[in-house]
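**Student:** Structure incoming, see below.
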Amino acid sequence: MSNRVVITGMGLISPMGHNVQTVWEGMLTGKNGFNKTTIFDASTFPTKFCAEVKDFDLNKHISNPEKHKYALRATRFAIAAAAEACRQAGIDIEKQTPGDGIDRSMLGVYMGSGEGPIDHDTFFRSIVESWSVQENKIDWEKWTNATTETMKPMREMEQEPNMPVGHIALLTGARGPARSCLTACAASTQAIGEATLIVREGKADVMIAGGSHSMIHPLGITGFNRLTALSTRNDDIHGASRPFSGSRDGFVIGEGSAILVLESLESAKKRGAKIIAEVIGYGSSSDAFRVTDMHEEARGACAAMRAAMKDAGITTADVDYINAHGTSTKENDSIETIAIKTVFGELAKKVPVSSIKSMLGHLIGSAGAAELITCIMAIKDGIIPPTANYQDPDPELDLDYVPNEPRKANVRIAMSESFGFGGQNDVVIVKKYTE
Amino acid sequence: MKQREVAITGVGATSPFGLTAADMWDGICQGKCGISAITYFDPVKFPCRIAGQVPPYSMKEYLPKHHRKAGKLMSKDIEIAVIAADDAFRNSGLGTKHIETQPQITPERTSINIGAGLISCEIDEIAPAIAQSITDGKFDMKKWGAEGMNLVTPLWLLKYLPNMLACHIGIIHDIQGPGNNITSGECAGPLSISESVTTIKRDAADVALAGSGEAKVNPIVLLRQIILGRSTTTHNDDPQNACRPFAADADGAAFSEGAGMVVLEELEHAKARGAYIYATVAGIGESTNLSDNIEKLEENAPGLQIAIKKALAEAGIRPEQIDLIIPHGTAVACDDKAEAAAIAAVFGNAVTGIPVLPTKSMLGHTGVAAGAIDIVVAAKAMQAGIIPAAKNCPRVFDGCRLNIVKERIEKEIKYVLCCTYTFGGQCVAIVLRKGGMQ
C-alpha cells in the first residue's frame with residue numbers, strides 16, 4: 001500500500017524575486033539574479049560577485065516575525081518560502097488552533113538546509129586578539145576571554161543546520177516527522193525525495209519539504225574560491241554562469257529557499273486542495289569514487305536517474321524535459337552530459353535539457369527544490385525555461401540545451417537532477433496531475 | 001508481497017572507552033566513566049575543562065591504499081565515524097571491498113545514511129592565515145581576500161562539509177546505493193536508521209550502513225555549549241561524577257567525542273547468510289516538539305510523547321512490554337524533567353517497573369553521535385541479556401517517576417525503546433525487537 005503524492009503548494013525566495021511567479025516570469029523574460037557582492041566586502045576576492053536575495057524583509061511575509069527574531073538569513077528565507085507554499089496549499093500558519101483539517105501529528109517538515117554562517121565578527125576578532133606574533137600561535141587564554149565576551153548564545157544556536165526545520169514547525173504547528181539533510185548541492189532534491197517516501201509510507205499526510213541555504217559569507221566564498229569552483233568572470237557578471245558553454249569557468253553562488261508542500265492524494269482531495277502536479281519518482285545513489293571528483297563515466301548520476309525512472313514506472317521515452325544540475329563548472333556539465341547520453345541513448349539529443357543556474361545562480365542546498373519548482377511551472381505553463389548565456393558550444397557537449405530562449409512545449413513529465421559535491425546524487429520526477 | 005523486515009546485524013562505535021562497540025559496552029558494564037581533563041587543546045580559561053576523548057588511533061589502519069591521501073581531508077568528526085563504520089562492517093561479517101578481497105556486499109544494493117553535525121574548523125589551522133590579514137590591530141577583509149585566504153589550503157572546505165562522513169565511508173567500503181547525510185542534531189543517528197529502514201523496505205537496497213558521529217571536543221563547539229548553559233562547570237576536579245542525568249543535583253552535560261554505526265540488513269538476506277541478528281527494527285516514531293524557546297525542550301515534551309506512541313504502535317506492542325528504556329537524558333535539568341514527564345505520560349503506571357539506563361553519565365554527551373550510540377548500546381544489551389547499572393544518579397530529581405537502574409539486571413531483553421530529541425524540536429523514538437523473535 002503506497003500513497004500517491006501530489007504537490008499542493010510552492011514557495012520561493014531567490015535572487016530573482018520573493019515568490020514563485022515573479023521568479024518564473026523573470027526566467028522567461030531574460031532576467032537574472034547576479035550582482036556585485038554586497039553582503040560583505042569581497043572587492044579583493046578572486047570572485048567579487050554572486051546572486052544575492054535582495055531587499056528581503058520577513059515582516060512582509062508573516063505577521064509575527066518576532067517569534068523568529070534570532071533566525072539567521074537562510075532560515076528567514078525558509079520561513080518566508082514556507083509561508084508562501086502553505087498559503088497556496090491552504091495550510092494555516094501562525095495559528096494556535098488551525099482549521100485546515102490537517103492533523104498536526106501528520107504534518108511534517110523535511111529541509112535540505114545548510115548550516116548558518118559562523119559569527120564572523122567574533123570568530124575573526126577573537127583570533128586577531130589572541131594571536132601571539134612572538135610565538136606564531138594562538139594564546140588560548142586570550143582567545144577564550146575574547147570569544148566568551150562576544151559569543152551570543154542564540155546566534156550560535158541558530159547556526160545549526162536543523163534550525164530551518166524547527167522554525168517551519170513553529171510557523172505551522174507541525175508535529176509530524178521532522179528531518180534535515182545536507183548532501184551539498186543535492187540536499188533539497190533529496191529532502192523532497194525522502195519526504196515523498198514519508199508520505200507514501202503513510203507516516204505523514206503532508207510534508208513541507210525543500211531547501212534553504214546561504215553560503216555567501218567570507219569563509220564560504222573563501223572555501224569555494226580556494227577550490228576554484230566559482231566563476232571569476234568579474235568583468236561580465238551577468239554572463240558568468242554559462243552552463244554547457246565551452247567557455248564556462250565555474251558556478252555563480254546564490255542563496256535562497258525553495259519549498260514545496262507534498263501531500264497524499266487522499267488528503268489533498270479530502271481538503272479540496274488544488275493539485276499542482278504529482279511526484280512520481282525518486283532515485284538516490286552514491287558515487288563512492290573520489291572526494292574531489294565525479295566518476296568519469298557518471299556512474300552515480302546514471303544510477304540515480306535510472307532508479308528514479310524505475311520508481312516512477314516510466315522509460316526514457318516518457319521524459320519531456322530534464323532540468324539539469326548544470327552548474328557551469330567544466331566537470332559537472334561534461335559528466336552530466338555523459339550521464340544523459342548513457343541513460344537516454346538515442347533519445348538523448350531529443351530531450352530538452354536546460355539549467356536555470358544560468359539565471360538564478362547556484363542556490364547550493366536549495367538549488368534542487370528551486371529547480372523542481374521550475375519543472376512544475378514548465379508543466380503548468382507549457383514552457384521550458386532556457387539555458388541562458390549559452391555562448392559557444394563545447395564540442396563534447398551536444399545535447400539540446402534550450403539555448404537562450406524559452407521554448408513552448410507540452411511537458412507532461414519532467415526530471416530534476418542534482419549532484420552533490422561528495423558524490424550524493426538525487427533525481428526527482430514530477431508529472432502533470434491526472435486522476 | 002510480504003513486508004520486508006530490517007535487522008541489525010553489525011554494530012560499531014568509537015567512544016572514550018575505545019575504538020570498538022565491544023570496548024564501549026565493556027566500559028558501560030564496568031560502570032566506568034569516560035570523562036577526564038581535556039588534553040586535545042588547552043582549556044585554561046574554560047569554565048568546563050573536562051570531556052570524553054576518543055583514545056589515540058592511527059588512521060592508516062582504516063584507510064585502503066587508494067584513499068590514504070584523502071585521509072588528509074578528514075576532520076576528527078570524519079575520522080571517528082570512519083573507524084566506527086569499519087567496526088560495524090567487521091562485526092556484521094559482511095566483508096566490504098576494504099575488508100575482503102572478494103567483497104560480500106553488492107555496492108549498488110548497499111545504502112549509506114550518516115548523520116553529522118556542524119563541523120567546526122580547527123582554529124589552529126586557519127589562524128595563521130587570519131594573522132596575515134590584520135591592519136591596525138583589526139581583521140582586514142580586503143587583506144584577507146587579496147593575501148590571507150591564499151594561505152588556506154585549497155581543499156580546506158572539504159574537511160568541514162557534513163556530507164563528507166558519508167562520502168569517505170562510502171568510498172572506503174564501496175557503497176553505491178542510496179545515500180544521505182542527516183543533519184538533525186542528536187536525532188541524526190536514529191533518523192539515519194529510519195531512512196535506511198525505509199530504503200531497505202522499499203527494496204532500494206538490501207544492506208545499509210547508518211549512524212552518526214561528532215567530535216565535540218573542539219574549543220568553539222564546547223564554548224558554544226557552555227554559553228548555552230548546557231555544560232556542567234562544577235566538576236572540573238571530579239570528572240567521574242560530572243554528568244548526572246535525571247539526578248537531583250544534575251547541572252549540565254559533560255561532552256564527548258564519539259560515533260555509533262549499525263549495519264542494517266533485510267531480514268531474509270541476513271538469515272540466508274547465517275548472520276548474527278542483534279535485533280529487528282520494530283517501530284520508529286518521529287515528531288516535533290514546539291518550543292518558542294528553542295534551546296530548551298518543550299514542557300512535557302509532547303512531541304516525544306507522539307514519537308514514542310507512534311513507535312510502539314508500529315511495533316504492535318503495549319508500553320509494559322518494553323524491557324529497557326534508553327532515554328536521551330543529557331543532565332540538563334529542565335530537559336531531563338521534560339523527557340521524564342513525556343515517558344511517564346506514555347507509560348502511565350507501568351513506568352515505575354521498566355528499567356531506564358541513561359548512558360551519558362558514562363560516555364558523556366556525544367552530541368550528534370548520541371542517538372546512534374544509544375542504539376548500539378541497546379543492541380549490545382539485547383545480545384548480552386544484561387542491563388548494566390546506571391551511574392551518577394543516586395537520587396532522582398523530585399517528581400521523576402523513571403526507574404533508573406540501580407543494580408545490574410540479567411534477563412532476556414525482548415524490547416528496547418530508545419528516545420532522542422534535539423534543540424530545534426525534532427525527536428525520534430525507536431523500538432528494537434530482539435533477534436529471532438517474531
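Every chain in the C-alpha cells takes a letter, A first, then B, and so on in the order presented; its residues are numbered from 1, and the ligands are numbered from 1 following the presented order.
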With 6 Å as the limit and counting only C-alpha atoms, what residues in chain A lie close to chain B? Please list them as a list of chain:residue names.
**Tutor:**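 Output check: A:Thr44, A:Phe45, A:Glu141, A:Pro153, A:Asn162, A:Met163, A:Gly166, A:Leu170, A:Arg175, A:Gly176, A:Pro177, A:Ala178, A:Arg179, A:Ser180, A:Cys181, A:Leu182, A:Thr183, A:Gly223, A:Arg226, A:Leu227, A:Ser284, A:Ser285, A:Ser286, A:Asp287, A:Ala288, A:Phe289, A:Gly422.
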**Student:** Near Ala89 of chain A, within 9 Å and counting only C-alpha atoms, which residues show up once chain neighbours fewer than 6 positions away are dropped, as a list of chain:residue names?
**Tutor:**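 Near neighbours after the sequence-gap exclusion: A:Ile7, A:Thr8, A:Gly9, A:Met10, A:Val261, A:Ala268, A:Ala273, A:Lys274, A:Ile275.
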**Student:** Which one of A:Asp236, A:Ser14, A:Ala298, A:Asp100 sits closest to Gly26 of chain A if you count only C-alpha atoms?
**Tutor:**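 Ranked by minimum distance to Gly26 of chain A, first place goes to A:Ser14.
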**Student:** I want to know what sits within 9 Å of Glu331 of chain A, based on only C-alpha atoms, with residues of the same chain fewer than 4 positions away left out; could you give that as a ChimeraX atom specification?
**Tutor:** /A:293-294,335-336
**Student:** Go ahead and write the residues just picked, N, CA and C atoms, as a short mmCIF file (atom, residue, chain, number, x, y, z; two decimals), in the first residue's frame.
**Tutor:**
data_model
loop_
_atom_site.label_atom_id
_atom_site.label_comp_id
_atom_site.auth_asym_id
_atom_site.auth_seq_id
_atom_site.Cartn_x
_atom_site.Cartn_y
_atom_site.Cartn_z
N ASP A 293 36.20 14.50 -7.09
CA ASP A 293 35.75 14.40 -8.48
C ASP A 293 34.54 13.51 -8.64
N MET A 294 33.77 13.81 -9.70
CA MET A 294 32.68 12.91 -10.07
C MET A 294 33.28 11.71 -10.81
N ILE A 335 30.22 15.74 -17.25
CA ILE A 335 29.81 14.43 -16.70
C ILE A 335 28.29 14.29 -16.80
N GLU A 336 27.58 15.39 -16.57
CA GLU A 336 26.12 15.30 -16.64
C GLU A 336 25.67 14.97 -18.06
#
**Student:** For a test of reading the model, state the distance in Å between atom CA of Ser355 of chain A and atom CA of His325 of chain A, rounded to one decimal.
**Tutor:**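 Computing it gives 6.5 Å between the two atoms.
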**Student:** Quick one: pull the distance between atom CA of Leu402 of chain B and atom CA of Thr352 of chain B, Å, one decimal.
**Tutor:** 5.8 Å
**Student:** Write out, as a tab-separated table, each residue of segment 259-297 of chain B that has an atom at most 7 Å from segment 5-22 of chain B, together with the closest pair of atoms and their distance in Å to one decimal, counting only C-alpha atoms, rows going by chain and rising number.
**Tutor:**
residue	atom	partner	partner_atom	distance
B:Ala259	CA	B:Thr14	CA	5.1
B:Gly260	CA	B:Ala13	CA	4.4
B:Met261	CA	B:Gly12	CA	5.0
B:Val262	CA	B:Val11	CA	4.5
B:Val263	CA	B:Gly10	CA	4.7
B:Leu264	CA	B:Ile8	CA	4.6
B:Glu265	CA	B:Ala7	CA	5.2
B:Glu266	CA	B:Val6	CA	4.7
B:Leu267	CA	B:Val6	CA	5.3
B:Ala275	CA	B:Thr9	CA	6.6
B:Tyr276	CA	B:Thr9	CA	5.9
B:Ile277	CA	B:Thr9	CA	4.9
B:Tyr278	CA	B:Ile8	CA	5.6
B:Ala279	CA	B:Ile8	CA	5.4
B:Thr280	CA	B:Ala7	CA	4.1
B:Val281	CA	B:Val6	CA	5.9
**Student:** For Gln305 of chain B, list every protein, DNA or RNA residue within 8 Å, evaluated using only C-alpha atoms, and leave out those in the same chain fewer than 4 positions away; present the list as a list in words.
**Tutor:** Ala301, Lys309, Ala342, Ile343, Ala345 and Val346 of chain B
**Student:** Next, dump the selected residues to file, keeping only N, CA and C atoms, as a compact mmCIF listing (two decimals), in the first residue's frame.
**Tutor:**
# COMPACT_ATOMS: atom_id res chain seq x y z
N ALA B 301 7.44 17.63 26.84
CA ALA B 301 7.86 17.11 25.53
C ALA B 301 6.74 16.38 24.77
N LYS B 309 4.65 6.96 21.13
CA LYS B 309 3.39 6.27 20.82
C LYS B 309 3.41 5.69 19.40
N ALA B 342 7.47 13.14 29.71
CA ALA B 342 6.93 12.57 28.47
C ALA B 342 6.88 11.06 28.55
N ILE B 343 7.95 10.44 29.03
CA ILE B 343 7.99 8.97 29.13
C ILE B 343 6.91 8.50 30.11
N ALA B 345 4.18 9.99 30.89
CA ALA B 345 2.85 10.22 30.33
C ALA B 345 2.43 9.07 29.41
N VAL B 346 3.37 8.57 28.62
CA VAL B 346 3.03 7.49 27.70
C VAL B 346 2.90 6.15 28.44
**Student:** To test your reading of the structure, identify every residue in segment 89-132 of chain A that backbone DSSP assigns to strand (DSSP E or B), and report it as a list in words.
**Tutor:**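 Selecting the strand (DSSP E or B) positions of segment 89-132 of chain A gives Leu107, Gly108, Val109, Tyr110, Met111, Gly112, Ser113, Trp131 and Ser132 of chain A.
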**Student:** Compile the contact shell of Tyr390 of chain A as a list in words: residues with an atom at most 7 Å away, counting only C-alpha atoms, same-chain residues fewer than 5 positions apart removed.
**Tutor:**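 Those residues are Arg242, Pro243, Ser245, Pro403 and Asn404 of chain A.
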**Student:** Please, which residues of segment 40-124 of chain B, numbered as in this document, come out alpha helix (DSSP H) from DSSP, as a list in words?
**Tutor:**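 Those residues are Lys76, Asp77, Ile78, Glu79, Ile80, Ala81, Val82, Ile83, Ala84, Ala85, Asp86, Asp87, Ala88, Phe89, Arg90, Asn91, Ser92, Ile123 and Asp124 of chain B.
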**Student:** What lies within 12 Å of Ile237 of chain A using only C-alpha atoms, ignoring chain neighbours under 3 positions off, as a ChimeraX atom specification?
**Tutor:** /A:32-37,47-51,230-234,240-242,249-253,358-359,361,389
**Student:** Mind giving me the straight-line distance from atom CA of Gly436 of chain B to atom CA of Ala370 of chain B in Å, one decimal?
**Tutor:** 26.7 Å
**Student:** Nearest to Ala339 of chain A: which of A:Gly365, A:Gly300, A:Gly256, A:Gly101 is it, counting only C-alpha atoms?
**Tutor:**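 Residue with the minimum atom-to-atom distance to Ala339 of chain A: A:Gly300.
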**Student:** Neighbouring residues of segment 15-24 of chain A were defined as those with any atom within 8 Å, considering only C-alpha atoms; residues of the same chain fewer than 3 positions away were excluded. Please report them as a count of residues only.
**Tutor:** 24
**Student:** Could you check the closest approach to Ala174 of chain A for each of A:Gly202, A:Gly246, A:Gly108, A:Gly193 and tell me which residue wins, using only C-alpha atoms?
**Tutor:** A:Gly108
**Student:** Looking at B:Gly399, B:Gly435, B:Pro190, B:Gly274, which one is nearest to Lys337 of chain B, with distances taken over only C-alpha atoms?
**Tutor:**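 Ranked by minimum distance to Lys337 of chain B, first place goes to B:Gly399.
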